[in-house]
>>> print(open('structure28.txt').read())   # compact mmCIF, N, CA and C atoms
# COMPACT_ATOMS: atom_id res chain seq x y z
N GLN O 1 177.26 64.00 -32.79
CA GLN O 1 177.39 64.66 -31.50
C GLN O 1 178.02 66.03 -31.61
N LEU O 2 178.64 66.31 -32.76
CA LEU O 2 179.17 67.64 -33.04
C LEU O 2 178.58 68.09 -34.36
N GLN O 3 177.97 69.26 -34.36
CA GLN O 3 177.32 69.78 -35.55
C GLN O 3 177.82 71.19 -35.82
N ALA O 4 178.57 71.32 -36.91
CA ALA O 4 179.11 72.62 -37.30
C ALA O 4 178.12 73.35 -38.19
N SER O 5 178.11 74.67 -38.09
CA SER O 5 177.24 75.50 -38.92
C SER O 5 177.86 76.87 -39.06
N GLY O 6 177.28 77.68 -39.95
CA GLY O 6 177.71 79.05 -40.10
C GLY O 6 178.53 79.35 -41.33
N GLY O 7 178.84 78.33 -42.11
CA GLY O 7 179.61 78.56 -43.32
C GLY O 7 178.79 79.29 -44.37
N GLY O 8 179.47 79.68 -45.44
CA GLY O 8 178.77 80.36 -46.51
C GLY O 8 179.73 80.91 -47.54
N LEU O 9 179.19 81.68 -48.46
CA LEU O 9 179.96 82.32 -49.52
C LEU O 9 180.09 83.80 -49.19
N VAL O 10 181.32 84.28 -49.04
CA VAL O 10 181.57 85.68 -48.71
C VAL O 10 182.68 86.22 -49.60
N GLN O 11 182.79 87.53 -49.60
CA GLN O 11 183.87 88.17 -50.35
C GLN O 11 185.10 88.32 -49.45
N ALA O 12 186.24 88.43 -50.10
CA ALA O 12 187.48 88.64 -49.37
C ALA O 12 187.35 89.88 -48.49
N GLY O 13 187.85 89.76 -47.27
CA GLY O 13 187.78 90.86 -46.32
C GLY O 13 186.58 90.81 -45.39
N TRP O 14 185.62 89.99 -45.72
CA TRP O 14 184.43 89.88 -44.89
C TRP O 14 184.70 88.96 -43.70
N SER O 15 183.67 88.81 -42.87
CA SER O 15 183.77 87.97 -41.67
C SER O 15 182.68 86.91 -41.66
N LEU O 16 182.97 85.83 -40.98
CA LEU O 16 181.99 84.77 -40.71
C LEU O 16 182.24 84.26 -39.30
N ARG O 17 181.19 83.75 -38.68
CA ARG O 17 181.35 83.07 -37.41
C ARG O 17 180.78 81.66 -37.54
N LEU O 18 181.65 80.69 -37.30
CA LEU O 18 181.23 79.30 -37.30
C LEU O 18 180.85 78.89 -35.88
N SER O 19 179.89 77.99 -35.80
CA SER O 19 179.48 77.41 -34.52
C SER O 19 179.55 75.90 -34.61
N CYS O 20 179.79 75.29 -33.48
CA CYS O 20 179.79 73.83 -33.40
C CYS O 20 179.03 73.46 -32.13
N ALA O 21 177.86 72.90 -32.31
CA ALA O 21 177.02 72.52 -31.18
C ALA O 21 177.31 71.08 -30.80
N ALA O 22 177.56 70.86 -29.53
CA ALA O 22 177.87 69.53 -29.02
C ALA O 22 176.68 68.96 -28.27
N SER O 23 176.48 67.68 -28.42
CA SER O 23 175.44 66.99 -27.66
C SER O 23 175.92 65.59 -27.32
N GLY O 24 175.43 65.10 -26.21
CA GLY O 24 175.78 63.74 -25.82
C GLY O 24 177.15 63.57 -25.21
N ILE O 25 177.85 64.67 -24.99
CA ILE O 25 179.17 64.61 -24.36
C ILE O 25 179.23 65.66 -23.26
N ILE O 26 180.16 65.49 -22.34
CA ILE O 26 180.39 66.52 -21.32
C ILE O 26 181.33 67.54 -21.96
N PHE O 27 180.74 68.49 -22.64
CA PHE O 27 181.49 69.42 -23.49
C PHE O 27 182.63 70.10 -22.74
N SER O 28 182.38 70.50 -21.53
CA SER O 28 183.39 71.27 -20.78
C SER O 28 184.66 70.47 -20.52
N MET O 29 184.58 69.16 -20.62
CA MET O 29 185.74 68.32 -20.34
C MET O 29 186.61 68.09 -21.58
N TYR O 30 186.14 68.56 -22.71
CA TYR O 30 186.82 68.28 -23.98
C TYR O 30 187.71 69.43 -24.43
N ASP O 31 188.88 69.07 -24.94
CA ASP O 31 189.68 70.00 -25.73
C ASP O 31 189.04 70.03 -27.12
N MET O 32 188.84 71.23 -27.65
CA MET O 32 188.12 71.38 -28.90
C MET O 32 189.00 72.03 -29.96
N GLY O 33 188.66 71.80 -31.21
CA GLY O 33 189.44 72.41 -32.27
C GLY O 33 188.65 72.57 -33.55
N TRP O 34 189.14 73.47 -34.37
CA TRP O 34 188.64 73.64 -35.74
C TRP O 34 189.75 73.21 -36.69
N TYR O 35 189.36 72.47 -37.70
CA TYR O 35 190.25 72.04 -38.76
C TYR O 35 189.60 72.40 -40.08
N ARG O 36 190.39 72.41 -41.14
CA ARG O 36 189.82 72.68 -42.45
C ARG O 36 190.51 71.84 -43.51
N GLN O 37 189.78 71.62 -44.57
CA GLN O 37 190.33 70.86 -45.68
C GLN O 37 189.90 71.51 -46.98
N ALA O 38 190.89 71.98 -47.71
CA ALA O 38 190.65 72.57 -49.01
C ALA O 38 190.72 71.49 -50.07
N PRO O 39 190.11 71.71 -51.23
CA PRO O 39 190.12 70.70 -52.29
C PRO O 39 191.55 70.30 -52.66
N GLY O 40 191.79 69.01 -52.66
CA GLY O 40 193.10 68.51 -53.05
C GLY O 40 194.17 68.64 -52.01
N LYS O 41 193.79 69.07 -50.81
CA LYS O 41 194.78 69.24 -49.75
C LYS O 41 194.44 68.40 -48.53
N GLU O 42 195.44 68.23 -47.67
CA GLU O 42 195.23 67.51 -46.43
C GLU O 42 194.44 68.37 -45.45
N ARG O 43 193.74 67.71 -44.55
CA ARG O 43 193.07 68.43 -43.47
C ARG O 43 194.13 69.07 -42.58
N GLU O 44 193.92 70.31 -42.20
CA GLU O 44 194.91 71.02 -41.39
C GLU O 44 194.25 71.66 -40.18
N LEU O 45 195.04 71.82 -39.14
CA LEU O 45 194.57 72.46 -37.93
C LEU O 45 194.42 73.96 -38.16
N VAL O 46 193.32 74.50 -37.67
CA VAL O 46 193.11 75.95 -37.73
C VAL O 46 193.34 76.57 -36.35
N ALA O 47 192.66 76.02 -35.36
CA ALA O 47 192.76 76.57 -34.00
C ALA O 47 192.26 75.53 -33.01
N THR O 48 192.82 75.58 -31.82
CA THR O 48 192.37 74.70 -30.76
C THR O 48 192.15 75.50 -29.47
N ILE O 49 191.32 74.95 -28.62
CA ILE O 49 191.10 75.55 -27.32
C ILE O 49 190.93 74.41 -26.32
N THR O 50 191.69 74.47 -25.23
CA THR O 50 191.64 73.40 -24.26
C THR O 50 190.41 73.52 -23.38
N SER O 51 190.17 72.49 -22.60
CA SER O 51 189.06 72.54 -21.66
C SER O 51 189.24 73.69 -20.66
N GLY O 52 190.47 74.07 -20.44
CA GLY O 52 190.78 75.17 -19.54
C GLY O 52 190.78 76.53 -20.18
N GLY O 53 190.54 76.57 -21.50
CA GLY O 53 190.42 77.84 -22.19
C GLY O 53 191.66 78.37 -22.87
N MET O 54 192.72 77.58 -22.92
CA MET O 54 193.93 78.02 -23.61
C MET O 54 193.80 77.75 -25.10
N SER O 55 194.15 78.74 -25.91
CA SER O 55 193.96 78.62 -27.35
C SER O 55 195.29 78.61 -28.09
N ASN O 56 195.23 78.06 -29.28
CA ASN O 56 196.39 77.96 -30.14
C ASN O 56 195.90 78.10 -31.58
N TYR O 57 196.73 78.73 -32.43
CA TYR O 57 196.32 79.01 -33.80
C TYR O 57 197.38 78.61 -34.81
N ALA O 58 196.94 78.25 -35.98
CA ALA O 58 197.85 78.09 -37.10
C ALA O 58 198.38 79.47 -37.48
N ASP O 59 199.62 79.51 -37.93
CA ASP O 59 200.23 80.79 -38.28
C ASP O 59 199.41 81.53 -39.34
N SER O 60 198.79 80.78 -40.23
CA SER O 60 198.07 81.39 -41.34
C SER O 60 196.82 82.15 -40.91
N VAL O 61 196.34 81.90 -39.69
CA VAL O 61 195.11 82.57 -39.25
C VAL O 61 195.32 83.45 -38.02
N LYS O 62 196.51 83.45 -37.47
CA LYS O 62 196.78 84.27 -36.29
C LYS O 62 196.47 85.73 -36.56
N GLY O 63 195.77 86.34 -35.63
CA GLY O 63 195.41 87.74 -35.77
C GLY O 63 194.14 87.98 -36.55
N ARG O 64 193.63 86.95 -37.22
CA ARG O 64 192.39 87.09 -38.00
C ARG O 64 191.25 86.24 -37.42
N PHE O 65 191.58 85.08 -36.90
CA PHE O 65 190.57 84.15 -36.39
C PHE O 65 190.65 84.11 -34.87
N THR O 66 189.51 83.90 -34.24
CA THR O 66 189.44 83.73 -32.80
C THR O 66 188.57 82.54 -32.45
N ILE O 67 189.13 81.61 -31.71
CA ILE O 67 188.37 80.46 -31.24
C ILE O 67 187.88 80.74 -29.83
N SER O 68 186.66 80.31 -29.54
CA SER O 68 186.11 80.50 -28.20
C SER O 68 185.11 79.38 -27.93
N ARG O 69 184.73 79.28 -26.68
CA ARG O 69 183.76 78.25 -26.30
C ARG O 69 182.83 78.80 -25.24
N ASP O 70 181.61 78.30 -25.27
CA ASP O 70 180.62 78.63 -24.25
C ASP O 70 180.17 77.30 -23.65
N ASN O 71 180.73 76.96 -22.52
CA ASN O 71 180.42 75.65 -21.93
C ASN O 71 178.97 75.57 -21.47
N ALA O 72 178.38 76.69 -21.13
CA ALA O 72 176.97 76.69 -20.71
C ALA O 72 176.06 76.33 -21.88
N LYS O 73 176.50 76.66 -23.09
CA LYS O 73 175.70 76.39 -24.28
C LYS O 73 176.21 75.18 -25.06
N ASN O 74 177.28 74.55 -24.53
CA ASN O 74 177.87 73.39 -25.22
C ASN O 74 178.22 73.73 -26.67
N THR O 75 178.80 74.88 -26.86
CA THR O 75 179.06 75.36 -28.21
C THR O 75 180.47 75.92 -28.35
N LEU O 76 181.07 75.57 -29.47
CA LEU O 76 182.39 76.07 -29.86
C LEU O 76 182.19 77.06 -31.00
N TYR O 77 183.02 78.11 -31.02
CA TYR O 77 182.90 79.13 -32.05
C TYR O 77 184.25 79.35 -32.74
N LEU O 78 184.15 79.86 -33.96
CA LEU O 78 185.33 80.35 -34.66
C LEU O 78 184.93 81.64 -35.36
N GLN O 79 185.42 82.75 -34.84
CA GLN O 79 185.19 84.05 -35.47
C GLN O 79 186.29 84.26 -36.50
N MET O 80 185.89 84.43 -37.74
CA MET O 80 186.85 84.57 -38.83
C MET O 80 186.70 85.95 -39.44
N ASN O 81 187.73 86.76 -39.30
CA ASN O 81 187.74 88.11 -39.85
C ASN O 81 188.76 88.21 -40.98
N SER O 82 188.61 89.25 -41.78
CA SER O 82 189.56 89.51 -42.88
C SER O 82 189.79 88.25 -43.70
N LEU O 83 188.72 87.63 -44.10
CA LEU O 83 188.82 86.36 -44.83
C LEU O 83 189.52 86.54 -46.16
N LYS O 84 190.27 85.51 -46.52
CA LYS O 84 191.03 85.50 -47.77
C LYS O 84 190.57 84.33 -48.63
N PRO O 85 190.77 84.42 -49.93
CA PRO O 85 190.39 83.27 -50.79
C PRO O 85 191.04 81.97 -50.35
N GLU O 86 192.25 82.04 -49.82
CA GLU O 86 192.93 80.83 -49.37
C GLU O 86 192.33 80.23 -48.11
N ASP O 87 191.36 80.90 -47.50
CA ASP O 87 190.63 80.33 -46.37
C ASP O 87 189.50 79.42 -46.83
N THR O 88 189.27 79.39 -48.14
CA THR O 88 188.21 78.53 -48.68
C THR O 88 188.49 77.07 -48.37
N ALA O 89 187.54 76.41 -47.73
CA ALA O 89 187.71 75.02 -47.32
C ALA O 89 186.43 74.55 -46.65
N VAL O 90 186.38 73.27 -46.40
CA VAL O 90 185.36 72.72 -45.51
C VAL O 90 185.95 72.75 -44.10
N TYR O 91 185.23 73.33 -43.19
CA TYR O 91 185.68 73.47 -41.80
C TYR O 91 184.99 72.43 -40.92
N TYR O 92 185.80 71.77 -40.11
CA TYR O 92 185.31 70.72 -39.23
C TYR O 92 185.63 71.06 -37.77
N CYS O 93 184.73 70.70 -36.88
CA CYS O 93 185.05 70.82 -35.47
C CYS O 93 185.40 69.44 -34.91
N ASN O 94 186.22 69.47 -33.89
CA ASN O 94 186.73 68.24 -33.29
C ASN O 94 186.74 68.38 -31.79
N GLY O 95 186.44 67.30 -31.11
CA GLY O 95 186.50 67.29 -29.66
C GLY O 95 187.26 66.07 -29.19
N GLU O 96 188.11 66.25 -28.20
CA GLU O 96 188.92 65.15 -27.70
C GLU O 96 189.11 65.26 -26.19
N ARG O 97 189.10 64.12 -25.53
CA ARG O 97 189.48 64.04 -24.12
C ARG O 97 190.01 62.66 -23.84
N ARG O 98 190.72 62.53 -22.76
CA ARG O 98 191.18 61.24 -22.29
C ARG O 98 190.39 60.88 -21.05
N LEU O 99 189.88 59.67 -21.03
CA LEU O 99 189.12 59.18 -19.89
C LEU O 99 189.80 57.90 -19.44
N GLY O 100 190.58 58.01 -18.38
CA GLY O 100 191.40 56.88 -17.97
C GLY O 100 192.41 56.60 -19.06
N GLY O 101 192.44 55.41 -19.56
CA GLY O 101 193.36 55.06 -20.62
C GLY O 101 192.75 55.16 -22.00
N THR O 102 191.56 55.71 -22.10
CA THR O 102 190.84 55.76 -23.36
C THR O 102 190.85 57.17 -23.92
N ARG O 103 191.14 57.25 -25.21
CA ARG O 103 191.08 58.53 -25.91
C ARG O 103 189.75 58.62 -26.64
N LEU O 104 188.98 59.63 -26.27
CA LEU O 104 187.70 59.87 -26.93
C LEU O 104 187.86 61.00 -27.93
N ASN O 105 187.46 60.77 -29.15
CA ASN O 105 187.65 61.77 -30.20
C ASN O 105 186.44 61.79 -31.12
N TYR O 106 185.91 62.97 -31.36
CA TYR O 106 184.72 63.11 -32.19
C TYR O 106 184.94 64.20 -33.24
N TRP O 107 184.40 63.93 -34.43
CA TRP O 107 184.41 64.90 -35.51
C TRP O 107 182.98 65.26 -35.89
N GLY O 108 182.76 66.52 -36.16
CA GLY O 108 181.48 66.93 -36.70
C GLY O 108 181.51 66.91 -38.22
N LYS O 109 180.33 66.93 -38.82
CA LYS O 109 180.26 67.12 -40.26
C LYS O 109 180.70 68.54 -40.57
N GLY O 110 181.33 68.72 -41.69
CA GLY O 110 181.91 70.01 -42.02
C GLY O 110 180.91 71.03 -42.48
N THR O 111 181.36 72.27 -42.50
CA THR O 111 180.60 73.37 -43.06
C THR O 111 181.48 74.09 -44.07
N GLN O 112 180.93 74.36 -45.23
CA GLN O 112 181.71 74.92 -46.33
C GLN O 112 181.87 76.43 -46.16
N VAL O 113 183.10 76.88 -46.29
CA VAL O 113 183.39 78.31 -46.32
C VAL O 113 184.04 78.61 -47.67
N THR O 114 183.45 79.52 -48.41
CA THR O 114 183.99 79.91 -49.70
C THR O 114 184.21 81.42 -49.71
N VAL O 115 185.44 81.81 -50.00
CA VAL O 115 185.80 83.23 -50.01
C VAL O 115 186.17 83.62 -51.44
N SER O 116 185.42 84.53 -52.00
CA SER O 116 185.69 84.97 -53.37
C SER O 116 186.58 86.21 -53.36
N SER O 117 187.38 86.31 -54.39
CA SER O 117 188.32 87.45 -54.47
C SER O 117 187.68 88.65 -55.13
>>> encode(input="structure28.txt", output="structure tokens")
Amino acid sequence: QLQASGGGLVQAGWSLRLSCAASGIIFSMYDMGWYRQAPGKERELVATITSGGMSNYADSVKGRFTISRDNAKNTLYLQMNSLKPEDTAVYYCNGERRLGGTRLNYWGKGTQVTVSS
């Protein structure tokens, strides 16, 4: 129900834009996020955006990455500028909402981002 795309191999300093297309859910009702996992490391939060449009970023990406959403297109984005080798990871999108007493949480398959020095 969440499909991430847009990863690739780029040089340090370049930009990439990731997309996450949602289907089968009421996208506008979900708080969304991007996470990443580098080899040998735990999955970590990159950025989140609430259903109301409020965003939050990991300190390591503040000022370089921008999370956004287009509810009309059911799509989440991550604009990544000034990429660094340490940004190399598999990037995952996540969607979460609470419906009554139930927590709904979905993960997309990841997209690989590789930044060469």
>>> atom_distance(input="structure28.txt", atom1="atom C of Glu44 in chain O", atom2="atom N of Asp70 in chain O")
20.6 Å
>>> closest_atom_pairs(input="structure28.txt", of="range 16-58 of chain O", to="range 62-67 of chain O", cutoff="7 Å", atoms="all atoms listed in the file", output="CSV")
residue,atom,partner,partner_atom,distance
O:Ala47,CA,O:Ile67,CA,6.5
O:Thr48,C,O:Ile67,CA,6.5
O:Ile49,CA,O:Ile67,C,6.6
O:Ser55,CA,O:Ile67,C,6.9
O:Tyr57,C,O:Lys62,N,5.6
O:Ala58,C,O:Lys62,N,4.4
>>> residues_around(input="structure28.txt", residues="Gly53 in chain O", least_positions_apart="6", cutoff="8 Å", atoms="all atoms listed in the file", output="short mmCIF file (atom, residue, chain, number, x, y, z; two decimals) with N, CA and C atoms, in the coordinates of the input")
data_model
loop_
_atom_site.label_atom_id
_atom_site.label_comp_id
_atom_site.auth_asym_id
_atom_site.auth_seq_id
_atom_site.Cartn_x
_atom_site.Cartn_y
_atom_site.Cartn_z
N ASP O 31 188.88 69.07 -24.94
CA ASP O 31 189.68 70.00 -25.73
C ASP O 31 189.04 70.03 -27.12
N SER O 68 186.66 80.31 -29.54
CA SER O 68 186.11 80.50 -28.20
C SER O 68 185.11 79.38 -27.93
N ARG O 69 184.73 79.28 -26.68
CA ARG O 69 183.76 78.25 -26.30
C ARG O 69 182.83 78.80 -25.24
#
>>> atom_distance(input="structure28.txt", atom1="CA of Gly95 in chain O", atom2="CA of Ser60 in chain O")
21.7 Å
>>> residues_around(input="structure28.txt", residues="range 107-113 of chain O", least_positions_apart="3", cutoff="6 Å", atoms="all atoms listed in the file", output="list in words")
Leu2, Gln3, Ala4, Ser5, Gly7, Gly8, Leu9, Asp87, Thr88, Ala89, Val90, Tyr91, Tyr92, Cys93, Asn94 and Gly95 of chain O
>>> write_last_selection(input="structure28.txt", atoms="N, CA and C atoms", output="PDB file, keeping the file's coordinate frame")
ATOM      1  N   LEU O   2     178.640  66.310 -32.760  1.00  0.00           N
ATOM      2  CA  LEU O   2     179.170  67.640 -33.040  1.00  0.00           C
ATOM      3  C   LEU O   2     178.580  68.090 -34.360  1.00  0.00           C
ATOM      4  N   GLN O   3     177.970  69.260 -34.360  1.00  0.00           N
ATOM      5  CA  GLN O   3     177.320  69.780 -35.550  1.00  0.00           C
ATOM      6  C   GLN O   3     177.820  71.190 -35.820  1.00  0.00           C
ATOM      7  N   ALA O   4     178.570  71.320 -36.910  1.00  0.00           N
ATOM      8  CA  ALA O   4     179.110  72.620 -37.300  1.00  0.00           C
ATOM      9  C   ALA O   4     178.120  73.350 -38.190  1.00  0.00           C
ATOM     10  N   SER O   5     178.110  74.670 -38.090  1.00  0.00           N
ATOM     11  CA  SER O   5     177.240  75.500 -38.920  1.00  0.00           C
ATOM     12  C   SER O   5     177.860  76.870 -39.060  1.00  0.00           C
ATOM     13  N   GLY O   7     178.840  78.330 -42.110  1.00  0.00           N
ATOM     14  CA  GLY O   7     179.610  78.560 -43.320  1.00  0.00           C
ATOM     15  C   GLY O   7     178.790  79.290 -44.370  1.00  0.00           C
ATOM     16  N   GLY O   8     179.470  79.680 -45.440  1.00  0.00           N
ATOM     17  CA  GLY O   8     178.770  80.360 -46.510  1.00  0.00           C
ATOM     18  C   GLY O   8     179.730  80.910 -47.540  1.00  0.00           C
ATOM     19  N   LEU O   9     179.190  81.680 -48.460  1.00  0.00           N
ATOM     20  CA  LEU O   9     179.960  82.320 -49.520  1.00  0.00           C
ATOM     21  C   LEU O   9     180.090  83.800 -49.190  1.00  0.00           C
ATOM     22  N   ASP O  87     191.360  80.900 -47.500  1.00  0.00           N
ATOM     23  CA  ASP O  87     190.630  80.330 -46.370  1.00  0.00           C
ATOM     24  C   ASP O  87     189.500  79.420 -46.830  1.00  0.00           C
ATOM     25  N   THR O  88     189.270  79.390 -48.140  1.00  0.00           N
ATOM     26  CA  THR O  88     188.210  78.530 -48.680  1.00  0.00           C
ATOM     27  C   THR O  88     188.490  77.070 -48.370  1.00  0.00           C
ATOM     28  N   ALA O  89     187.540  76.410 -47.730  1.00  0.00           N
ATOM     29  CA  ALA O  89     187.710  75.020 -47.320  1.00  0.00           C
ATOM     30  C   ALA O  89     186.430  74.550 -46.650  1.00  0.00           C
ATOM     31  N   VAL O  90     186.380  73.270 -46.400  1.00  0.00           N
ATOM     32  CA  VAL O  90     185.360  72.720 -45.510  1.00  0.00           C
ATOM     33  C   VAL O  90     185.950  72.750 -44.100  1.00  0.00           C
ATOM     34  N   TYR O  91     185.230  73.330 -43.190  1.00  0.00           N
ATOM     35  CA  TYR O  91     185.680  73.470 -41.800  1.00  0.00           C
ATOM     36  C   TYR O  91     184.990  72.430 -40.920  1.00  0.00           C
ATOM     37  N   TYR O  92     185.800  71.770 -40.110  1.00  0.00           N
ATOM     38  CA  TYR O  92     185.310  70.720 -39.230  1.00  0.00           C
ATOM     39  C   TYR O  92     185.630  71.060 -37.770  1.00  0.00           C
ATOM     40  N   CYS O  93     184.730  70.700 -36.880  1.00  0.00           N
ATOM     41  CA  CYS O  93     185.050  70.820 -35.470  1.00  0.00           C
ATOM     42  C   CYS O  93     185.400  69.440 -34.910  1.00  0.00           C
ATOM     43  N   ASN O  94     186.220  69.470 -33.890  1.00  0.00           N
ATOM     44  CA  ASN O  94     186.730  68.240 -33.290  1.00  0.00           C
ATOM     45  C   ASN O  94     186.740  68.380 -31.790  1.00  0.00           C
ATOM     46  N   GLY O  95     186.440  67.300 -31.110  1.00  0.00           N
ATOM     47  CA  GLY O  95     186.500  67.290 -29.660  1.00  0.00           C
ATOM     48  C   GLY O  95     187.260  66.070 -29.190  1.00  0.00           C
TER      49      GLY O  95
END
>>> residues_around(input="structure28.txt", residues="Phe27 in chain O", least_positions_apart="3", cutoff="8 Å", atoms="only C-alpha atoms", output="list in words")
Ala22, Ser23, Tyr30, Asn71, Asn74 and Thr75 of chain O
>>> atom_distance(input="structure28.txt", atom1="atom N of Met80 in chain O", atom2="atom C of Ser19 in chain O")
11.1 Å
>>> select_by_dssp(input="structure28.txt", residues="range 22-100 of chain O", states="strand (DSSP E or B)", output="number ranges by chain")
O: 22, 31-37, 44-49, 55-57, 65-70, 75-80, 89-99
>>> residues_around(input="structure28.txt", residues="Leu83 in chain O", least_positions_apart="4", cutoff="5 Å", atoms="only N, CA and C atoms", output="MDAnalysis selection string")
chainID O and resid 12:14
>>> residues_around(input="structure28.txt", residues="Ser117 in chain O", least_positions_apart="3", cutoff="8 Å", atoms="only C-alpha atoms", output="tab-separated table (two decimals) with N, CA and C atoms, in the frame of the given file")
chain	number	residue	atom	x	y	z
O	11	GLN	N	182.79	87.53	-49.60
O	11	GLN	CA	183.87	88.17	-50.35
O	11	GLN	C	185.10	88.32	-49.45
O	12	ALA	N	186.24	88.43	-50.10
O	12	ALA	CA	187.48	88.64	-49.37
O	12	ALA	C	187.35	89.88	-48.49
O	84	LYS	N	190.27	85.51	-46.52
O	84	LYS	CA	191.03	85.50	-47.77
O	84	LYS	C	190.57	84.33	-48.63
O	85	PRO	N	190.77	84.42	-49.93
O	85	PRO	CA	190.39	83.27	-50.79
O	85	PRO	C	191.04	81.97	-50.35
>>> select_by_dssp(input="structure28.txt", residues="chain O", states="helix (DSSP H, G or I)", output="list in words")
Phe27, Ser28, Met29, Pro85, Glu86 and Asp87 of chain O
>>> write_last_selection(input="structure28.txt", atoms="N, CA and C atoms", output="PDB file, keeping the file's coordinate frame")
ATOM      1  N   PHE O  27     180.740  68.490 -22.640  1.00  0.00           N
ATOM      2  CA  PHE O  27     181.490  69.420 -23.490  1.00  0.00           C
ATOM      3  C   PHE O  27     182.630  70.100 -22.740  1.00  0.00           C
ATOM      4  N   SER O  28     182.380  70.500 -21.530  1.00  0.00           N
ATOM      5  CA  SER O  28     183.390  71.270 -20.780  1.00  0.00           C
ATOM      6  C   SER O  28     184.660  70.470 -20.520  1.00  0.00           C
ATOM      7  N   MET O  29     184.580  69.160 -20.620  1.00  0.00           N
ATOM      8  CA  MET O  29     185.740  68.320 -20.340  1.00  0.00           C
ATOM      9  C   MET O  29     186.610  68.090 -21.580  1.00  0.00           C
ATOM     10  N   PRO O  85     190.770  84.420 -49.930  1.00  0.00           N
ATOM     11  CA  PRO O  85     190.390  83.270 -50.790  1.00  0.00           C
ATOM     12  C   PRO O  85     191.040  81.970 -50.350  1.00  0.00           C
ATOM     13  N   GLU O  86     192.250  82.040 -49.820  1.00  0.00           N
ATOM     14  CA  GLU O  86     192.930  80.830 -49.370  1.00  0.00           C
ATOM     15  C   GLU O  86     192.330  80.230 -48.110  1.00  0.00           C
ATOM     16  N   ASP O  87     191.360  80.900 -47.500  1.00  0.00           N
ATOM     17  CA  ASP O  87     190.630  80.330 -46.370  1.00  0.00           C
ATOM     18  C   ASP O  87     189.500  79.420 -46.830  1.00  0.00           C
TER      19      ASP O  87
END
>>> closest_residue(input="structure28.txt", among="O:Ser82, O:Arg97, O:Arg17, O:Val46", to="Gly33 in chain O", atoms="only C-alpha atoms")
O:Val46
>>> decode(input="structure28.txt", residues="range 3-14 of chain O", atoms="N, CA, C and O atoms", output="compact mmCIF listing (two decimals), in the first residue's frame")
# COMPACT_ATOMS: atom_id res chain seq x y z
N GLN O 3 4.50 2.54 -1.70
CA GLN O 3 5.55 2.19 -2.64
C GLN O 3 6.51 3.36 -2.80
O GLN O 3 6.15 4.39 -3.37
N ALA O 4 7.72 3.16 -2.30
CA ALA O 4 8.75 4.20 -2.40
C ALA O 4 9.52 4.06 -3.70
O ALA O 4 9.72 2.94 -4.21
N SER O 5 9.96 5.18 -4.23
CA SER O 5 10.75 5.19 -5.46
C SER O 5 11.62 6.43 -5.48
O SER O 5 11.46 7.33 -4.65
N GLY O 6 12.54 6.48 -6.44
CA GLY O 6 13.36 7.67 -6.63
C GLY O 6 14.79 7.56 -6.16
O GLY O 6 15.57 8.50 -6.32
N GLY O 7 15.14 6.43 -5.55
CA GLY O 7 16.51 6.27 -5.10
C GLY O 7 17.47 6.10 -6.27
O GLY O 7 17.06 5.97 -7.43
N GLY O 8 18.75 6.10 -5.95
CA GLY O 8 19.74 5.93 -6.98
C GLY O 8 21.14 6.16 -6.46
O GLY O 8 21.34 6.32 -5.25
N LEU O 9 22.08 6.18 -7.39
CA LEU O 9 23.49 6.42 -7.07
C LEU O 9 23.84 7.83 -7.52
O LEU O 9 23.69 8.15 -8.71
N VAL O 10 24.28 8.66 -6.59
CA VAL O 10 24.63 10.04 -6.90
C VAL O 10 25.95 10.39 -6.22
O VAL O 10 26.40 9.68 -5.32
N GLN O 11 26.52 11.50 -6.65
CA GLN O 11 27.75 11.98 -6.03
C GLN O 11 27.40 12.91 -4.87
O GLN O 11 26.32 13.50 -4.82
N ALA O 12 28.35 13.03 -3.96
CA ALA O 12 28.17 13.94 -2.84
C ALA O 12 27.88 15.35 -3.35
O ALA O 12 28.49 15.81 -4.31
N GLY O 13 26.92 15.99 -2.70
CA GLY O 13 26.53 17.34 -3.10
C GLY O 13 25.34 17.39 -4.05
O GLY O 13 24.74 18.45 -4.23
N TRP O 14 25.01 16.26 -4.63
CA TRP O 14 23.89 16.22 -5.55
C TRP O 14 22.57 16.13 -4.79
O TRP O 14 22.54 16.03 -3.57
